[in-house]
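S.K.: Pasting in a structure now, in C-alpha cells, and then I'll have a few things to ask.
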Amino acid sequence: MQPQLSVPDVLCLPQRSLIVVASAQLAYNNSGAFTSALTPAQWAYLEDYEATYRVRRVSMDDYPGAATGTQVYNTTVGKTVLSVQNITLNATYASAAGVQPTADVDTNGLFHTPAVVSASLPSTISSVAPVFWYNPCPPEFPVTTVGAVHVTYSNYREHMAFFLAFGSWSATSSLLNHVWLQWGTRGLYQGFRRTYALGQVDDLFLKTETVFNSAQTYRVTPEDMANLAAWQASLNRRLPRGSAFRVEVALNGNGILEAAGSADLININTESTVNKTYVKPLGSGTNRWPSSYTSSWVTNSTGLLKDALFAWFVQNKTANMAPFSWLSHTFTHENLDDATQYDVTQEVTLNQKMATVLGLTGQPYWSSNGMVTPEISGVFNGDAYTVLTANNITTIVGDNSRSQLVPSDIYGLWRSTSASSNYVGYAVIPRQPTEVYYDCSTVAEDIYLYNNMYFNTFGYNSTWSQILSREQTRLTSMLLNLRHDPHMFHQANLRNHDLARVIINRISGRWGLYEQWFETVFARYNQLVTWPVVSLKMDDLAQFYREREARTTCSISTSFTVSTYQVTGVTISTSGACKVGITIPTNVTSVNPAHSYEQLGSDPLTVWVPMTSGTPVTIPVNAVKWGDRPVAM
C-alpha cells in the first residue's frame with residue numbers, strides 16, 4: 001500500500017509540508033533481522049512526492065551512506081555513545097532558528113555516528129552541507145567529523161540527516177529540534193515559539209520562621225525590594241533583545257496589619273488538619289474565622305503606614321510597585337484543604353480589599369482573576385472553588401511535585417473533576433517547585449535543607465554551586481522545550497540587602513537566593529539561544545493556557561498558496577472557535593484589523609487570527625521561497 005501523502009482528488013494537492021523520519025530507515029526487528037517498515041517502492045514514492053512538491057525531509061538517528069553523500073569516519077567504531085563529543089553548529093542553520101552558533105552542547109548519552117562528506121558525490125546529489133560538526137575526541141576520532149548534513153539532490157529534493165539519536169531528556173536534542181524544525185518548515189508554520197518564564201514569590205508581607213532557629217524570622221525590607229527591582233532591570237538588559245522578565249509577588253494582607261501593630265490583626269489557626277490528598281465533602285468543616293471581624297483599615301489606612309514595607313510601596317507606586325506583577329495569596333495564609341465556604345470568603349474578599357488599599361486594583365500589573373492558594377491547598381475542595389468562582393477568581397496554580405496535580409498534557413491546564421474535588425472544570429496552572437525553599441533567606445540555610453534531603457541520593461554534601469548547576473540543567477531543558485510553567489519561590493528568598501556580593505557568570509551583584517537562581521539559569525539560556533524572555537502576569541498566563549486548550553479541540557488545518565517558487569498566502573480552517581497563530585519568516589502584504597501581530601526582538605512575526613467554525617481565513621504574506629523551480633501544485 002502506498003503512503004497516503006497526497007489528497008486523492010482531482011486537484012492532487014499535497015497533504016504534508018514536511019516529512020520527519022524519527023529513526024533512520026524506520027527499521028524494526030523482524031524475526032531477528034532489521035527491516036525497514038517501508039518497502040523500496042514506498043520509499044521511492046516518498047522521494048517522488050518530496051521532489052514534486054518541494055517538501056523537505058528530516059531524519060534522526062540516520063547512518064552515513066551514499067544516499068546522503070557521506071561515509072562513516074571510523075568503521076571500526078561506527079556508532080558510539082561512549083565517546084562524548086562537543087558539537088559545533090553551522091551558523092547558517094543555527095542562526096535561522098535563533099540558536100547561538102557558539103552554543104556549547106555535546107553528545108552526552110546520545111548514540112551518534114561521526115561521518116565525513118564523500119570526496120566524490122553521486123550524480124544524484126548536487127551538494128552536501130554540514131549542519132553541525134563533532135569536535136575531535138581522540139583516539140577514535142582525532143579530527144573534526146560531521147554530525148548532520150543538508151543534502152540537495154539533482155531533482156531539487158532536500159534532506160537534513162542527523163547521524164545522532166535524539167532523546168526527550170537531552171537538552172542537546174531539544175536545541176537541535178529547533179534547528180531542523182526551522183529549516184524543514186522554512187520558518188512558516190502554524191504555532192509560535194515563545195519563552196515564558198515566571199518566578200512567583202509567595203507570602204509577601206508575611207514574616208517567615210528561618211531554618212536554623214524558628215524563633216528568628218525574616219521579612220523582606222524596602223531595601224530588598226528596591227535592589228530586586230534594580231536587578232530585574234539589569235537582567236532584562238542582559239537577556240535577549242525584546243525580553244520583559246518580571247518578578248510576580250503574591251500578597252497576604254494580614255502581614256501588613258501585623259507589621260503595623262493594627263488592632264484589626266486576625267489570629268486564626270492557618271494550618272491544615274487533613275492530608276494533601278483529602279477530598280473535602282461539600283458543606284463540611286468548621287469555621288476558623290470569627291462570625292464578625294472589624295476591618296477599619298479598609299476606610300482608614302493611615303495606621304498601615306507604620307509598616308515600612310507598606311509605606312514604601314504606596315508612597316511611590318510608579319517606582320516601587322509597578323516594576324512587579326501582583327496577585328493574591330489569601331489574607332492570612334489559611335490552608336484551604338478543609339476550609340469552609342465562610343472561611344474562604346473571608347480570605348478572598350479581605351485580600352481583595354487590601355489590594356484596593358494598596359492601590360493595585362485596576363492596575364495593569366494586578367491579576368484580579370488569579371490566585372496562589374497557601375501551600376497549594378484547596379485543589380480538592382469544591383467549596384473553595386465555589387467561593388473563588390463567585391469572586392471572579394477563575395485560576396489558581398498547582399504543584400507538579402504532587403503527581404495528582406500533573407496534567408495529562410504537560411503543556412495544558414489541570415482541571416478539577418467531581419472525583420478529584422467535587423467540582424467540575426476549575427482551571428489550575430501547573431507550577432514547578434524549585435530547590436530554593438520557603439524558609440530559607442540565605443545560601444547556608446538552603447544548602448543545609450538540600451543536603452538533609454539529598455545526601456543519600458548523591459552520597460555527599462552538595463555545594464551551592466552544585467545545587468545551582470543541577471537546577472540550571474533542569475530549567476534549561478524546560479525552557480528549550482517551551483514549557484511555560486511558573487516557578488515557586490517565597491518572600492524570604494528575596495533577602496539581599498545585607499548579604500555579601502557574589503559573582504555568577506562574571507557578573508557581580510548583592511543577590512539573594514531568587515536572583516542567584518535566575519542568574520544561573522539565564523546564563524546558560526543566553527549561551528544557547530537569542531529568544532526573548534517574557535513574564536506574563538498570572539491573568540495573562542491563564543488566558544494563554546485557555547487559548548491553547550481551545551486550539552487542541554478546534555481541528556486546525558492550514559494550507560499554502562504556492563505560485564512560481566513562492567508561498568504567497570496561508571489559509572486557516574477550523575471546526576470551532578479558537579485563536580490560531582501563524583509564524584511567518586517574512587511579513588504580511590496587508591494588515592487585517594481583526595488580527596493581531598506579535599514580534600519581539602529578533603524573533604519572527606506571528607499573526608494571531610480569531611477563528612470561527614466553517615469560515616476559512618487567508619493571510620497574505622510576502623513571498624516565502626519554496627523550492628528552486630516552479631512547484632507542481
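Residues in the C-alpha cells are named by chain (A, B, ... in the order shown) and by number from 1 within that chain; ligands are numbered from 1 in the order shown.
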Write out as JSON, numbers by chain the residues lying within 8 Å of A:Ser377, counting only C-alpha atoms and excluding same-chain residues fewer than 5 positions away.

M.R.: {"A": [276, 335, 336, 337]}

S.K.: Can you tell me, as a PDB file with N, CA and C atoms, in the first residue's frame, what residues are no more than 10 Å from A:Thr172 when counting only C-alpha atoms, ignoring any on the same chain fewer than 6 positions away?

M.R.:
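This is the output file around06.pdb:
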ATOM      1  N   ILE A  87      29.840  19.630  20.169  1.00  0.00           N
ATOM      2  CA  ILE A  87      29.252  19.902  18.862  1.00  0.00           C
ATOM      3  C   ILE A  87      29.511  21.352  18.483  1.00  0.00           C
ATOM      4  N   ALA A 103      26.724  27.878  20.700  1.00  0.00           N
ATOM      5  CA  ALA A 103      26.098  27.108  21.773  1.00  0.00           C
ATOM      6  C   ALA A 103      26.966  25.917  22.167  1.00  0.00           C
ATOM      7  N   ASP A 104      27.193  25.768  23.453  1.00  0.00           N
ATOM      8  CA  ASP A 104      28.085  24.728  23.980  1.00  0.00           C
ATOM      9  C   ASP A 104      27.246  23.505  24.348  1.00  0.00           C
ATOM     10  N   VAL A 105      27.145  22.543  23.406  1.00  0.00           N
ATOM     11  CA  VAL A 105      26.384  21.318  23.654  1.00  0.00           C
ATOM     12  C   VAL A 105      27.222  20.121  23.234  1.00  0.00           C
ATOM     13  N   ASP A 106      26.820  18.944  23.714  1.00  0.00           N
ATOM     14  CA  ASP A 106      27.598  17.746  23.399  1.00  0.00           C
ATOM     15  C   ASP A 106      26.684  16.547  23.215  1.00  0.00           C
ATOM     16  N   THR A 107      27.294  15.396  23.009  1.00  0.00           N
ATOM     17  CA  THR A 107      26.549  14.169  22.701  1.00  0.00           C
ATOM     18  C   THR A 107      26.331  13.295  23.928  1.00  0.00           C
ATOM     19  N   ASN A 108      26.501  13.826  25.113  1.00  0.00           N
ATOM     20  CA  ASN A 108      26.408  13.017  26.329  1.00  0.00           C
ATOM     21  C   ASN A 108      25.120  12.196  26.349  1.00  0.00           C
ATOM     22  N   LEU A 110      23.962  10.240  24.074  1.00  0.00           N
ATOM     23  CA  LEU A 110      23.311  10.080  22.771  1.00  0.00           C
ATOM     24  C   LEU A 110      24.176   9.225  21.840  1.00  0.00           C
ATOM     25  N   PHE A 166      18.126  11.034  19.022  1.00  0.00           N
ATOM     26  CA  PHE A 166      17.580  12.094  19.863  1.00  0.00           C
ATOM     27  C   PHE A 166      16.938  11.472  21.105  1.00  0.00           C
ATOM     28  N   SER A 477      16.402  22.505  30.057  1.00  0.00           N
ATOM     29  CA  SER A 477      15.593  21.563  29.285  1.00  0.00           C
ATOM     30  C   SER A 477      14.148  22.049  29.174  1.00  0.00           C
ATOM     31  N   LEU A 480      14.023  25.136  26.741  1.00  0.00           N
ATOM     32  CA  LEU A 480      14.215  24.744  25.344  1.00  0.00           C
ATOM     33  C   LEU A 480      13.016  23.986  24.808  1.00  0.00           C
ATOM     34  N   LEU A 528      22.812  29.689  24.762  1.00  0.00           N
ATOM     35  CA  LEU A 528      22.221  28.750  23.799  1.00  0.00           C
ATOM     36  C   LEU A 528      21.354  29.406  22.734  1.00  0.00           C
TER      37      LEU A 528
END

S.K.: Enumerate, as a PyMOL selection string, the complete set of residues in stretch 325-548 of chain A that a backbone-based DSSP assignment places in strand (DSSP E or B).

M.R.: chain A and resi 325-328+366-371+395-397+414-415+427-429+432+487-490+502-504+507-509+529+533-534

S.K.: Within 9 Å of stretch 384-400 of chain A, counting only C-alpha atoms, which residues qualify if same-chain residues fewer than 3 places away don't, as a PDB file with N, CA and C atoms, in the first residue's frame?

M.R.:
ATOM      1  N   LEU A 336      -6.423  25.831  52.726  1.00  0.00           N
ATOM      2  CA  LEU A 336      -7.803  25.710  52.248  1.00  0.00           C
ATOM      3  C   LEU A 336      -8.250  24.278  52.001  1.00  0.00           C
ATOM      4  N   ASP A 337      -7.437  23.298  52.393  1.00  0.00           N
ATOM      5  CA  ASP A 337      -7.799  21.905  52.091  1.00  0.00           C
ATOM      6  C   ASP A 337      -9.132  21.506  52.715  1.00  0.00           C
ATOM      7  N   ASP A 338      -9.376  21.940  53.952  1.00  0.00           N
ATOM      8  CA  ASP A 338     -10.648  21.603  54.603  1.00  0.00           C
ATOM      9  C   ASP A 338     -11.395  22.864  55.025  1.00  0.00           C
ATOM     10  N   ALA A 339     -11.089  23.982  54.371  1.00  0.00           N
ATOM     11  CA  ALA A 339     -11.710  25.259  54.742  1.00  0.00           C
ATOM     12  C   ALA A 339     -13.182  25.291  54.319  1.00  0.00           C
ATOM     13  N   THR A 340     -13.974  25.977  55.107  1.00  0.00           N
ATOM     14  CA  THR A 340     -15.397  26.154  54.793  1.00  0.00           C
ATOM     15  C   THR A 340     -15.575  27.287  53.788  1.00  0.00           C
ATOM     16  N   GLN A 341     -16.768  27.352  53.208  1.00  0.00           N
ATOM     17  CA  GLN A 341     -17.053  28.452  52.293  1.00  0.00           C
ATOM     18  C   GLN A 341     -16.931  29.799  53.008  1.00  0.00           C
ATOM     19  N   TYR A 342     -17.329  29.856  54.266  1.00  0.00           N
ATOM     20  CA  TYR A 342     -17.250  31.110  55.012  1.00  0.00           C
ATOM     21  C   TYR A 342     -15.801  31.553  55.159  1.00  0.00           C
ATOM     22  N   VAL A 344     -13.179  30.666  53.342  1.00  0.00           N
ATOM     23  CA  VAL A 344     -12.591  31.013  52.042  1.00  0.00           C
ATOM     24  C   VAL A 344     -13.072  32.395  51.603  1.00  0.00           C
ATOM     25  N   THR A 345     -14.340  32.686  51.868  1.00  0.00           N
ATOM     26  CA  THR A 345     -14.884  34.000  51.522  1.00  0.00           C
ATOM     27  C   THR A 345     -14.129  35.110  52.251  1.00  0.00           C
ATOM     28  N   VAL A 348     -10.532  35.477  50.777  1.00  0.00           N
ATOM     29  CA  VAL A 348     -10.502  36.044  49.432  1.00  0.00           C
ATOM     30  C   VAL A 348     -10.901  37.512  49.426  1.00  0.00           C
ATOM     31  N   THR A 349     -12.039  37.816  50.032  1.00  0.00           N
ATOM     32  CA  THR A 349     -12.575  39.180  49.919  1.00  0.00           C
ATOM     33  C   THR A 349     -11.750  40.197  50.697  1.00  0.00           C
ATOM     34  N   SER A 368      -6.488  40.186  38.907  1.00  0.00           N
ATOM     35  CA  SER A 368      -7.689  40.111  39.746  1.00  0.00           C
ATOM     36  C   SER A 368      -8.380  38.761  39.643  1.00  0.00           C
ATOM     37  N   ASN A 369      -8.042  37.974  38.603  1.00  0.00           N
ATOM     38  CA  ASN A 369      -8.743  36.710  38.382  1.00  0.00           C
ATOM     39  C   ASN A 369      -7.900  35.484  38.718  1.00  0.00           C
ATOM     40  N   GLY A 370      -6.712  35.700  39.264  1.00  0.00           N
ATOM     41  CA  GLY A 370      -5.849  34.576  39.605  1.00  0.00           C
ATOM     42  C   GLY A 370      -5.431  34.624  41.060  1.00  0.00           C
ATOM     43  N   MET A 371      -5.008  33.489  41.590  1.00  0.00           N
ATOM     44  CA  MET A 371      -4.571  33.439  42.981  1.00  0.00           C
ATOM     45  C   MET A 371      -3.625  32.262  43.180  1.00  0.00           C
ATOM     46  N   VAL A 372      -2.706  32.425  44.126  1.00  0.00           N
ATOM     47  CA  VAL A 372      -1.904  31.312  44.628  1.00  0.00           C
ATOM     48  C   VAL A 372      -2.485  30.936  45.979  1.00  0.00           C
ATOM     49  N   THR A 373      -2.956  29.707  46.106  1.00  0.00           N
ATOM     50  CA  THR A 373      -3.510  29.292  47.396  1.00  0.00           C
ATOM     51  C   THR A 373      -2.374  28.885  48.328  1.00  0.00           C
ATOM     52  N   ILE A 376      -0.451  25.525  48.151  1.00  0.00           N
ATOM     53  CA  ILE A 376      -1.172  24.913  47.018  1.00  0.00           C
ATOM     54  C   ILE A 376      -2.302  24.037  47.565  1.00  0.00           C
ATOM     55  N   SER A 377      -3.071  24.633  48.447  1.00  0.00           N
ATOM     56  CA  SER A 377      -4.173  23.921  49.108  1.00  0.00           C
ATOM     57  C   SER A 377      -5.508  24.249  48.426  1.00  0.00           C
ATOM     58  N   GLY A 378      -6.534  23.490  48.801  1.00  0.00           N
ATOM     59  CA  GLY A 378      -7.870  23.728  48.284  1.00  0.00           C
ATOM     60  C   GLY A 378      -8.130  23.142  46.917  1.00  0.00           C
ATOM     61  N   VAL A 379      -7.139  22.454  46.337  1.00  0.00           N
ATOM     62  CA  VAL A 379      -7.315  21.929  44.983  1.00  0.00           C
ATOM     63  C   VAL A 379      -8.316  20.775  44.939  1.00  0.00           C
ATOM     64  N   PHE A 380      -8.597  20.159  46.087  1.00  0.00           N
ATOM     65  CA  PHE A 380      -9.578  19.074  46.142  1.00  0.00           C
ATOM     66  C   PHE A 380     -10.791  19.491  46.983  1.00  0.00           C
ATOM     67  N   ASN A 381     -11.022  20.788  47.057  1.00  0.00           N
ATOM     68  CA  ASN A 381     -12.090  21.351  47.884  1.00  0.00           C
ATOM     69  C   ASN A 381     -13.085  22.085  46.992  1.00  0.00           C
ATOM     70  N   SER A 403       1.918  14.277  42.158  1.00  0.00           N
ATOM     71  CA  SER A 403       1.514  13.575  40.937  1.00  0.00           C
ATOM     72  C   SER A 403       0.036  13.780  40.614  1.00  0.00           C
ATOM     73  N   GLN A 404      -0.793  13.975  41.654  1.00  0.00           N
ATOM     74  CA  GLN A 404      -2.225  14.140  41.405  1.00  0.00           C
ATOM     75  C   GLN A 404      -2.537  15.445  40.683  1.00  0.00           C
ATOM     76  N   LEU A 405      -1.584  16.389  40.668  1.00  0.00           N
ATOM     77  CA  LEU A 405      -1.824  17.694  40.065  1.00  0.00           C
ATOM     78  C   LEU A 405      -1.103  17.894  38.740  1.00  0.00           C
ATOM     79  N   VAL A 406      -0.436  16.858  38.250  1.00  0.00           N
ATOM     80  CA  VAL A 406       0.252  16.965  36.969  1.00  0.00           C
ATOM     81  C   VAL A 406      -0.755  16.692  35.853  1.00  0.00           C
ATOM     82  N   PRO A 407      -0.985  17.643  34.956  1.00  0.00           N
ATOM     83  CA  PRO A 407      -1.976  17.429  33.894  1.00  0.00           C
ATOM     84  C   PRO A 407      -1.515  16.357  32.918  1.00  0.00           C
ATOM     85  N   TRP A 414      -4.477  21.712  34.447  1.00  0.00           N
ATOM     86  CA  TRP A 414      -5.112  20.645  35.229  1.00  0.00           C
ATOM     87  C   TRP A 414      -6.528  21.121  35.539  1.00  0.00           C
ATOM     88  N   SER A 421     -12.443  16.639  43.249  1.00  0.00           N
ATOM     89  CA  SER A 421     -12.684  17.824  44.075  1.00  0.00           C
ATOM     90  C   SER A 421     -14.147  18.120  44.344  1.00  0.00           C
ATOM     91  N   TYR A 423     -16.061  19.127  42.183  1.00  0.00           N
ATOM     92  CA  TYR A 423     -16.281  20.345  41.393  1.00  0.00           C
ATOM     93  C   TYR A 423     -15.706  20.080  40.007  1.00  0.00           C
ATOM     94  N   TYR A 426     -12.588  23.379  37.237  1.00  0.00           N
ATOM     95  CA  TYR A 426     -11.818  24.544  37.674  1.00  0.00           C
ATOM     96  C   TYR A 426     -10.397  24.454  37.102  1.00  0.00           C
ATOM     97  N   ALA A 427      -9.859  25.601  36.687  1.00  0.00           N
ATOM     98  CA  ALA A 427      -8.569  25.642  35.986  1.00  0.00           C
ATOM     99  C   ALA A 427      -7.407  25.846  36.947  1.00  0.00           C
ATOM    100  N   VAL A 428      -6.405  24.972  36.839  1.00  0.00           N
ATOM    101  CA  VAL A 428      -5.197  25.050  37.664  1.00  0.00           C
ATOM    102  C   VAL A 428      -3.984  25.028  36.738  1.00  0.00           C
ATOM    103  N   ILE A 429      -3.164  26.068  36.819  1.00  0.00           N
ATOM    104  CA  ILE A 429      -1.939  26.132  36.017  1.00  0.00           C
ATOM    105  C   ILE A 429      -0.858  25.299  36.696  1.00  0.00           C
ATOM    106  N   PRO A 430      -0.201  24.391  35.966  1.00  0.00           N
ATOM    107  CA  PRO A 430       0.882  23.612  36.586  1.00  0.00           C
ATOM    108  C   PRO A 430       2.037  24.533  36.979  1.00  0.00           C
ATOM    109  N   ARG A 431       2.516  24.394  38.211  1.00  0.00           N
ATOM    110  CA  ARG A 431       3.628  25.213  38.691  1.00  0.00           C
ATOM    111  C   ARG A 431       4.735  24.308  39.199  1.00  0.00           C
ATOM    112  N   GLN A 432       5.962  24.721  38.963  1.00  0.00           N
ATOM    113  CA  GLN A 432       7.126  23.904  39.296  1.00  0.00           C
ATOM    114  C   GLN A 432       7.739  24.338  40.627  1.00  0.00           C
ATOM    115  N   PRO A 433       8.000  23.389  41.526  1.00  0.00           N
ATOM    116  CA  PRO A 433       8.783  23.722  42.728  1.00  0.00           C
ATOM    117  C   PRO A 433      10.243  23.894  42.351  1.00  0.00           C
ATOM    118  N   PRO A 486       4.992  28.430  35.622  1.00  0.00           N
ATOM    119  CA  PRO A 486       5.675  29.317  36.572  1.00  0.00           C
ATOM    120  C   PRO A 486       6.453  28.505  37.600  1.00  0.00           C
ATOM    121  N   MET A 488       8.092  28.319  41.729  1.00  0.00           N
ATOM    122  CA  MET A 488       7.688  28.641  43.097  1.00  0.00           C
ATOM    123  C   MET A 488       8.847  29.190  43.929  1.00  0.00           C
ATOM    124  N   MET A 538      -0.158  36.541  36.062  1.00  0.00           N
ATOM    125  CA  MET A 538      -0.993  35.354  36.245  1.00  0.00           C
ATOM    126  C   MET A 538      -2.231  35.354  35.346  1.00  0.00           C
ATOM    127  N   ASP A 539      -2.953  36.472  35.282  1.00  0.00           N
ATOM    128  CA  ASP A 539      -4.169  36.511  34.465  1.00  0.00           C
ATOM    129  C   ASP A 539      -3.857  36.287  32.995  1.00  0.00           C
ATOM    130  N   ALA A 542      -2.906  32.655  32.398  1.00  0.00           N
ATOM    131  CA  ALA A 542      -4.111  31.823  32.405  1.00  0.00           C
ATOM    132  C   ALA A 542      -4.835  31.914  31.061  1.00  0.00           C
TER     133      ALA A 542
END

S.K.: What's around A:Met321 at 9 Å? Count only C-alpha atoms, leave out sequence neighbours fewer than 6 positions away in its own chain, and write the answer as a list in words.

M.R.: Trp312, Phe313, Val314, Leu360 and Tyr365 of chain A

S.K.: Could you name the residues that touch A:Val220 at 7 Å or less, counting only C-alpha atoms, but leaving out those on the same chain fewer than 3 positions away, as a list in words?

M.R.: Asp224, Gln491, Ala492, Leu494 and Arg495 of chain A

S.K.: Between atom CA of A:Thr294 and atom CA of A:Leu350, measure the distance and give it in Å to one decimal.

M.R.: 10.8 Å

S.K.: Counting only C-alpha atoms, what is within 10 Å of stretch 36-42 of chain A, bar same-chain residues fewer than 3 positions away, as a VMD selection string?

M.R.: chain A and resid 1 to 3 24 to 30 33 45 to 48

S.K.: Take the residues from that selection and put them in a file with C-alpha atoms, as a CSV table (one decimal), in the first residue's frame.

M.R.:
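The result, stored in part17.csv:
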chain,number,residue,atom,x,y,z
A,1,MET,CA,0.0,0.0,0.0
A,2,GLN,CA,1.3,3.5,-0.9
A,3,PRO,CA,1.8,6.0,1.9
A,24,ALA,CA,16.9,6.1,10.1
A,25,GLN,CA,15.1,3.8,7.7
A,26,LEU,CA,12.2,3.2,10.1
A,27,ALA,CA,13.9,-0.2,10.8
A,28,TYR,CA,12.4,-2.7,13.2
A,29,ASN,CA,13.3,-6.2,14.4
A,30,ASN,CA,11.6,-8.6,12.0
A,33,ALA,CA,16.5,-9.2,11.0
A,45,TYR,CA,7.0,7.1,-3.8
A,46,LEU,CA,8.0,9.3,-0.8
A,47,GLU,CA,11.1,10.7,-2.6
A,48,ASP,CA,9.0,11.5,-5.7

S.K.: Residues of stretch 353-581 of chain A in helix (DSSP H, G or I) according to DSSP, as a PyMOL selection string?

M.R.: chain A and resi 353-358+374-376+382-390+403-405+418-421+443-458+464-480+491-494+513-528+538-551

S.K.: Using only C-alpha atoms, which of A:Ser234, A:Thr145, A:Asp540, A:Ser262 sits nearest A:Leu304?

M.R.: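 When distances to A:Leu304 are compared using only C-alpha atoms, the smallest one comes from A:Ser262.
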